[in-house]
Every structure is written in structure tokens, then in C-alpha cells.
Amino acid sequence: MKYFSHWLLEPQNMPAPWGFDSWLTLWTVLFVALLNAVMLTLIAYRLLQVIQLSGYKIKGLFAWFKDTKRSYFWRLVMLSFLSVAAFMVTNVLLESFFKYKIMTYTGLLFYFAFLTVFVVNISQTSKKTPLKYTRRMNRLIVVTAFIIFIVSFALTSVSAVYLSYFTFGALGLTPILLPLFVIMAFGVTYPFENANNKKYEKRAVQKLAERKDIIKIGITGSYGKTSVKNILEVLLSQKYKVCASPYSYNTPLGLSKTILEQLKPTDEVFIAEMGARNKGDIAYLVQMIHPQYGLLTGVGNQHMSTFGTEQVLKDTKFELLQGVEKGLCVVNTESAGALELYERAKGEKIATNINDTQGFAYISNIKTCNEGSKFVLHIDNQKVSCETKLLGKHNISNILLCSVLAYKLGVTVEQIQKAIETLNPTAHRLAIVPSGNALTVIDDAYNGCVEGASAALEVLKEFSGKKIVITPGLVELGEEEFNSNFEFAIHMAKVCDYVIINGTTNYEALYHGLLFGGFDEKKIFRASTVSQSVEILNTIAGVGDVVLFENDLPDNYA
């Protein structure tokens, strides 16, 4: 063993390479660089998570830096500052007072202690959508760690050889470079991942193209896509065997996964939810699916931070209507933007609007309460009385939209009526959830748009008892974000008894909007996390009160 350790530290009595004073120093540098790579890769969790939540688009990372005012980056700056300071103090002072150079390595203890605190903080932060360790993400993590290791080794080697008084001090600079390391790793892996994705998507397209008999439907809009998809699936299931993309699968990979893993030979209808954050996203999905029918739920200002302008957003949503010009498009024209796109569309089209009481299809005698809604559905000069457990008039709009297409595909009005009675709320979208403390809890956590927030407040008005809203506000609205949250707060002031603002992203807009709306400042509370919001809730809520959880910021804004 003694011989082996001697060979390891001084192999064949050869001098250490690259100017190191000994092999021991070289092995120490290698170990420290490796440990630094592991720790910084753990700290990169948030950066990797944001990239994944952005659909593996690097511009999503830059948008996150901008929208969070680079708070994460400034934490890295502080980490680097403390680390470099620790190295300088320990190296200079300890080298002055101790003759053993190993004592000057004390700075490493402080450095890795700082990193450990950072990692623990990340691990203890609640996550709405935790990082999914897919094959693609694992490859990105490995490349990120490798880049960090190489840079750490290079910087530490230079420091150890040429700046002996500042041994390992250069490591303190690596945290501030972490975003650059992740971006470099993304750039290295992107060509392979892009080719791999194309291959996967091609298999899905081929499988779907072989099904000449299947009815294909595309759904898009700024809001309500998942709810409309779920409603349409239930209505069409009265006549067909239906395959719909699950959850909020609305990207090329999500739809490819659905086609390859869930589409069965016996399925007669395929429903594809189509999401977009950039111009061309819907057109790409249309080329994949080739839908014969399209549904447009509405056009708002969601994701304006990535679209840039309202016109780009409209043009992107219009890509679905263009893609099904030879088929039928049904458009909810209650929003001005959707009405504009409906008028632009050249193919067969039908407009729906819950506020109209004429035309091919419309709604009358609406009665809403905190248990659901009743209304009369009119389609093609036929009418049926309907009941639903879904809350809010906006859900009646969604039902009307889906009913028109279902009818056009051969589902009778009686079958539609029966299906409407069986509809259940989509999870986290104005769904009443069980509560063990006699509170009525309305979960609207997945809503993040102006229209949805307004609809949620209208539903809240139907309830008795104190009305409490817990919200972080609305995001991804670009330049309109402050104004939209300000208006949202004014609306809350007219409906709510208490408001708990969660987080800092939109605090100023919400706080001042509530005051502008005449809300009592003493009834505005501020919380850092959802769990802290619940703690505050328990101090102000009582039996029979109702609480609305309105939007839960995605992790790239939390």
C-alpha cells in the first residue's frame, strides 16, 4: 500500500506536469475541480429547470433573467464575492501566521460551505414543476458538469502554478460564470438534440399519416386550451373512440409522445392541443398533425414576453385557421382578437359567442351558482336544457364552442346534453377541492391569463362568507404586465375581503391596484411562499369562508 501511494503521488519519480510543484498538488487540483463541478451543477438546477420549462429554448432563460430582474444572477455574484473574499483573507493571513502551506487551503472550506448552503436552499424551495430528469436533461447536465470541471481545472491550475499566494482562489469566480457554462452546454448539445427530436417527431408523423380514416382536430388560443380539449373529448366520446393529448401536452415532443404511446388502432378521433410562445410554433404543429378541424378558444395577451407584439401573437394563432382552410374552424369570438382572426379566415367557419342569442348556435337562460350552471343550448334550430358542474360563464362559452364542432361531427344534441352533465372540472382550473377546515377552496392555480383571472373573480362573487384571494399575479405579459396586474387588483378590490399577495414579482402592481380600488390596506397581506400564504390564511379565515388560489407562478418566476 505504501508503494502504491508513493507511485500515485510520485509515479516513477517523474516530475509533475504543467508546472505543478508536485503530483500531490496535481491530484488535489483534480479533486477540487471535480467537486466544484458537482456542486455548481447542483446549483445550476434553477437554470436547467427554466430551460426545460421554456421548452428547451434558450431565449426562455434570457426572458427569465429579465422578468426576475436577474435576482438569481445577483445571488451568484454575491456567492462569488464572498468566496473570493474568503480565499483572500485565509490565504494571506494564514500564510503570514503559519509556516505550513496546507493551512492556506482553509479558504476551500469556506467556499464549499457557501456552495452547500446554496444547494440546501435550492433543495428546500418548493417547486410547482420539479426538474424532470429525461434523457435530454441528463445529457445537458453531464455536459454542463464537464464544462465546469474543465474550466475549474484550468483556472485552479493557473492559480496554483502562478499565484501560489492565492491557491484555489480562482474557484471563487466560477459561480458567477455558471449561466455561461449552462448556455455553452446547451449550445454543444443542441445539434444532437435537435436531430434526435426530428427523428422522434418523424416517427409520430408517419404513424399518424398512416391513419387515413382518423379525424384530426387542432385546438389553440391564449387561454382555455386544456379545458376545451377535455370538454370536447367527453362530447365526442358519445359517438367516437377519442385520443386526446393528456395534461397540457401541446408541444411537438408532447404530441409526438401522445401519438407514439397512446394513439390506438381503434381510435377514430385525435385531438391535439397546440401551444405557442413564438411565431411559427402553431404552423409547425399544423404541419405535423394536418388537422381537418380547428378550435380557437380566444386571443389575449398571454406570453407577450416571448411574442413581443400583439400582432405577432395574433398571426401565430391564425396559423391554425390557415392550416385548416379546407376544413371547419370554430372560433370563440368573445375576445376582440379572436373576432379579428375569424373575419380573416377564408375557409368554412362558425363563430360562437355566449353574449349572442342568435345564429347557428347560442346559449340562453343562463343561471350560475357556486355549484355549477344551468342553461339552454341552441344548435341548428334545436334546443336542450343543460346542467353542468363546471363553474363560471367562461366554461359555458367553452361548452358552446365544443358543442358546435361535436354537432358538426354527428353527435346529436341529446348526446351533447347527456355529456355536458358528466363534465368534471379540469384539475387546477376553477376546481373546488376538499378542505379539512370547513373552508371552500377554489383551485385556479394553473390559470395565468387576464381573462381567466377575471372569470375566476366572477365565480368568487357567487359564494357567501368572507372571500379571500391568494395570488402572485399574472406573468409573461410583456410590457402590459404591470398594467394588467394593476387592473386585476382593482377588480379584486370590488370582490374580495382579504388578499394575500404571494412573492415579489407583481407585488407593487397588485398592492397599488388594490389601494387605488379603495381596498383596506390592513387586509392586504404579503407572503414569500404558498405555504406561508396558507399560514396567514389560517389566521383570517373561518367556517363558511371561501378562498381562491388564483395562479401559482411557474418555477421560472417563483
# chains A, B, ... in the order shown; residues from 1 in each chain; ligands from 1

call {"tool": "residues_around", "arguments": {"residues": "A:Gly518", "least_positions_apart": "4", "cutoff": "9 Å", "atoms": "only C-alpha atoms", "output": "list in words"}}
result
Ile490, Ala493, Lys494, Gly513 and Leu514 of chain A

call {"tool": "select_by_dssp", "arguments": {"residues": "stretch 402-495 of chain A", "states": "alpha helix (DSSP H)", "output": "PyMOL selection string"}}
result
chain A and resi 402-408+413-422+450-460+481-495

call {"tool": "write_last_selection", "arguments": {"atoms": "N, CA and C atoms", "output": "tab-separated table (two decimals), in the first residue's frame"}}
result
chain	number	residue	atom	x	y	z
A	402	CYS	N	-67.33	23.78	-28.04
A	402	CYS	CA	-67.14	22.35	-28.30
A	402	CYS	C	-68.40	21.70	-28.84
A	403	SER	N	-69.55	22.18	-28.38
A	403	SER	CA	-70.82	21.59	-28.81
A	403	SER	C	-71.03	21.77	-30.31
A	404	VAL	N	-70.62	22.92	-30.82
A	404	VAL	CA	-70.79	23.19	-32.25
A	404	VAL	C	-69.99	22.19	-33.08
A	405	LEU	N	-68.73	21.98	-32.73
A	405	LEU	CA	-67.92	21.05	-33.50
A	405	LEU	C	-68.42	19.61	-33.33
A	406	ALA	N	-68.81	19.25	-32.10
A	406	ALA	CA	-69.33	17.91	-31.87
A	406	ALA	C	-70.57	17.65	-32.71
A	407	TYR	N	-71.44	18.64	-32.78
A	407	TYR	CA	-72.66	18.51	-33.58
A	407	TYR	C	-72.32	18.35	-35.06
A	408	LYS	N	-71.37	19.14	-35.53
A	408	LYS	CA	-70.95	19.06	-36.93
A	408	LYS	C	-70.33	17.71	-37.26
A	413	VAL	N	-77.83	16.53	-30.39
A	413	VAL	CA	-77.97	17.47	-29.29
A	413	VAL	C	-78.32	16.75	-28.00
A	414	GLU	N	-79.06	15.63	-28.12
A	414	GLU	CA	-79.38	14.85	-26.93
A	414	GLU	C	-78.12	14.20	-26.34
A	415	GLN	N	-77.24	13.73	-27.19
A	415	GLN	CA	-75.97	13.16	-26.72
A	415	GLN	C	-75.09	14.24	-26.10
A	416	ILE	N	-75.11	15.42	-26.70
A	416	ILE	CA	-74.35	16.54	-26.15
A	416	ILE	C	-74.88	16.92	-24.77
A	417	GLN	N	-76.19	16.98	-24.64
A	417	GLN	CA	-76.82	17.28	-23.35
A	417	GLN	C	-76.39	16.29	-22.28
A	418	LYS	N	-76.41	15.02	-22.61
A	418	LYS	CA	-76.01	13.96	-21.67
A	418	LYS	C	-74.54	14.10	-21.27
A	419	ALA	N	-73.69	14.41	-22.26
A	419	ALA	CA	-72.25	14.54	-21.98
A	419	ALA	C	-71.96	15.74	-21.09
A	420	ILE	N	-72.68	16.83	-21.29
A	420	ILE	CA	-72.47	18.04	-20.50
A	420	ILE	C	-72.69	17.77	-19.02
A	421	GLU	N	-73.67	16.93	-18.70
A	421	GLU	CA	-73.97	16.61	-17.31
A	421	GLU	C	-72.82	15.87	-16.63
A	422	THR	N	-72.01	15.18	-17.43
A	422	THR	CA	-70.92	14.36	-16.85
A	422	THR	C	-69.60	15.11	-16.76
A	450	VAL	N	-55.31	37.13	-18.10
A	450	VAL	CA	-56.20	38.19	-17.65
A	450	VAL	C	-57.65	37.73	-17.70
A	451	GLU	N	-58.02	37.09	-18.80
A	451	GLU	CA	-59.41	36.65	-18.99
A	451	GLU	C	-59.80	35.61	-17.94
A	452	GLY	N	-58.89	34.67	-17.69
A	452	GLY	CA	-59.17	33.64	-16.70
A	452	GLY	C	-59.28	34.20	-15.30
A	453	ALA	N	-58.43	35.16	-14.97
A	453	ALA	CA	-58.47	35.78	-13.65
A	453	ALA	C	-59.78	36.52	-13.44
A	454	SER	N	-60.22	37.21	-14.48
A	454	SER	CA	-61.49	37.92	-14.40
A	454	SER	C	-62.65	36.95	-14.21
A	455	ALA	N	-62.61	35.83	-14.94
A	455	ALA	CA	-63.65	34.82	-14.82
A	455	ALA	C	-63.67	34.21	-13.42
A	456	ALA	N	-62.50	34.01	-12.85
A	456	ALA	CA	-62.41	33.42	-11.51
A	456	ALA	C	-63.03	34.35	-10.47
A	457	LEU	N	-62.81	35.65	-10.61
A	457	LEU	CA	-63.40	36.59	-9.67
A	457	LEU	C	-64.92	36.64	-9.81
A	458	GLU	N	-65.41	36.48	-11.02
A	458	GLU	CA	-66.86	36.43	-11.23
A	458	GLU	C	-67.46	35.21	-10.54
A	459	VAL	N	-66.75	34.09	-10.59
A	459	VAL	CA	-67.20	32.89	-9.89
A	459	VAL	C	-67.17	33.12	-8.38
A	460	LEU	N	-66.12	33.75	-7.90
A	460	LEU	CA	-65.97	34.01	-6.46
A	460	LEU	C	-67.15	34.82	-5.92
A	481	GLU	N	-47.59	43.84	-18.38
A	481	GLU	CA	-47.70	43.07	-17.14
A	481	GLU	C	-48.11	43.94	-15.94
A	482	PHE	N	-47.47	45.08	-15.77
A	482	PHE	CA	-47.80	45.93	-14.63
A	482	PHE	C	-49.25	46.40	-14.73
A	483	ASN	N	-49.63	46.91	-15.89
A	483	ASN	CA	-50.98	47.45	-16.05
A	483	ASN	C	-52.04	46.36	-15.87
A	484	SER	N	-51.77	45.16	-16.41
A	484	SER	CA	-52.75	44.07	-16.30
A	484	SER	C	-52.93	43.65	-14.84
A	485	ASN	N	-51.84	43.59	-14.09
A	485	ASN	CA	-51.95	43.23	-12.68
A	485	ASN	C	-52.60	44.34	-11.87
A	486	PHE	N	-52.36	45.57	-12.26
A	486	PHE	CA	-53.00	46.72	-11.61
A	486	PHE	C	-54.52	46.64	-11.79
A	487	GLU	N	-54.96	46.35	-13.02
A	487	GLU	CA	-56.39	46.23	-13.30
A	487	GLU	C	-56.99	45.02	-12.59
A	488	PHE	N	-56.24	43.93	-12.57
A	488	PHE	CA	-56.68	42.74	-11.85
A	488	PHE	C	-56.90	43.05	-10.38
A	489	ALA	N	-56.02	43.83	-9.80
A	489	ALA	CA	-56.13	44.20	-8.39
A	489	ALA	C	-57.36	45.09	-8.14
A	490	ILE	N	-57.64	45.99	-9.06
A	490	ILE	CA	-58.84	46.83	-8.93
A	490	ILE	C	-60.09	45.96	-8.92
A	491	HIS	N	-60.10	44.95	-9.79
A	491	HIS	CA	-61.22	44.01	-9.83
A	491	HIS	C	-61.32	43.24	-8.51
A	492	MET	N	-60.19	42.81	-7.98
A	492	MET	CA	-60.19	42.10	-6.70
A	492	MET	C	-60.76	42.98	-5.59
A	493	ALA	N	-60.44	44.26	-5.62
A	493	ALA	CA	-60.90	45.19	-4.57
A	493	ALA	C	-62.42	45.24	-4.51
A	494	LYS	N	-63.08	44.98	-5.63
A	494	LYS	CA	-64.54	45.03	-5.67
A	494	LYS	C	-65.19	43.73	-5.19
A	495	VAL	N	-64.40	42.65	-5.13
A	495	VAL	CA	-64.97	41.34	-4.85
A	495	VAL	C	-64.50	40.78	-3.51

call {"tool": "atom_distance", "arguments": {"atom1": "atom CA of A:Leu391", "atom2": "atom CA of A:Gly372"}}
result
4.9 Å

call {"tool": "residues_around", "arguments": {"residues": "A:Gly327", "least_positions_apart": "2", "cutoff": "12 Å", "atoms": "only C-alpha atoms", "output": "PyMOL selection string"}}
result
chain A and resi 215-218+290-295+320-325+329-330+345-350+405+408-409

call {"tool": "atom_distance", "arguments": {"atom1": "atom CA of A:Arg135", "atom2": "atom CA of A:Pro246"}}
result
20.6 Å

call {"tool": "closest_residue", "arguments": {"among": "A:Leu79, A:Ala195, A:Ile363, A:Val547", "to": "A:Ala431", "atoms": "only C-alpha atoms"}}
result
A:Val547

call {"tool": "residues_around", "arguments": {"residues": "stretch 332-339 of chain A", "least_positions_apart": "3", "cutoff": "10 Å", "atoms": "only C-alpha atoms", "output": "PDB file with C-alpha atoms, in the first residue's frame"}}
result
ATOM      1  CA  GLY A 221     -55.780  30.022 -28.126  1.00  0.00           C
ATOM      2  CA  SER A 222     -54.270  32.259 -25.492  1.00  0.00           C
ATOM      3  CA  LEU A 295     -60.943  25.379 -32.492  1.00  0.00           C
ATOM      4  CA  LEU A 296     -59.781  28.835 -31.392  1.00  0.00           C
ATOM      5  CA  THR A 297     -60.584  29.487 -27.726  1.00  0.00           C
ATOM      6  CA  GLY A 298     -59.756  33.182 -27.691  1.00  0.00           C
ATOM      7  CA  VAL A 299     -56.913  35.666 -28.044  1.00  0.00           C
ATOM      8  CA  GLY A 300     -55.455  37.586 -25.108  1.00  0.00           C
ATOM      9  CA  ASN A 301     -52.086  38.939 -24.063  1.00  0.00           C
ATOM     10  CA  GLU A 310     -49.826  41.702 -30.135  1.00  0.00           C
ATOM     11  CA  GLN A 311     -49.738  41.349 -33.909  1.00  0.00           C
ATOM     12  CA  LEU A 313     -49.354  36.770 -31.203  1.00  0.00           C
ATOM     13  CA  LYS A 314     -52.423  37.076 -33.446  1.00  0.00           C
ATOM     14  CA  LYS A 317     -52.801  31.860 -33.504  1.00  0.00           C
ATOM     15  CA  PHE A 318     -54.040  32.453 -37.049  1.00  0.00           C
ATOM     16  CA  TYR A 342     -62.359  34.866 -37.544  1.00  0.00           C
ATOM     17  CA  GLU A 343     -63.007  37.633 -40.052  1.00  0.00           C
ATOM     18  CA  ARG A 344     -59.582  36.998 -41.658  1.00  0.00           C
ATOM     19  CA  ALA A 345     -60.205  33.264 -42.051  1.00  0.00           C
ATOM     20  CA  ILE A 350     -68.543  29.206 -37.392  1.00  0.00           C
ATOM     21  CA  ALA A 351     -68.413  31.867 -34.685  1.00  0.00           C
ATOM     22  CA  THR A 352     -69.647  31.308 -31.147  1.00  0.00           C
ATOM     23  CA  ASN A 353     -70.329  33.952 -28.530  1.00  0.00           C
ATOM     24  CA  ILE A 354     -72.091  33.463 -25.218  1.00  0.00           C
ATOM     25  CA  ASN A 355     -73.347  37.053 -25.422  1.00  0.00           C
ATOM     26  CA  ASP A 356     -75.197  36.477 -28.719  1.00  0.00           C
ATOM     27  CA  HIS A 394     -66.466  31.189 -19.342  1.00  0.00           C
ATOM     28  CA  SER A 397     -68.538  29.552 -23.524  1.00  0.00           C
ATOM     29  CA  ASN A 398     -66.161  26.600 -23.761  1.00  0.00           C
ATOM     30  CA  LEU A 400     -70.781  26.122 -26.602  1.00  0.00           C
ATOM     31  CA  LEU A 401     -67.578  26.116 -28.655  1.00  0.00           C
ATOM     32  CA  CYS A 402     -67.139  22.349 -28.297  1.00  0.00           C
ATOM     33  CA  GLU A 451     -59.409  36.652 -18.985  1.00  0.00           C
TER      34      GLU A 451
END
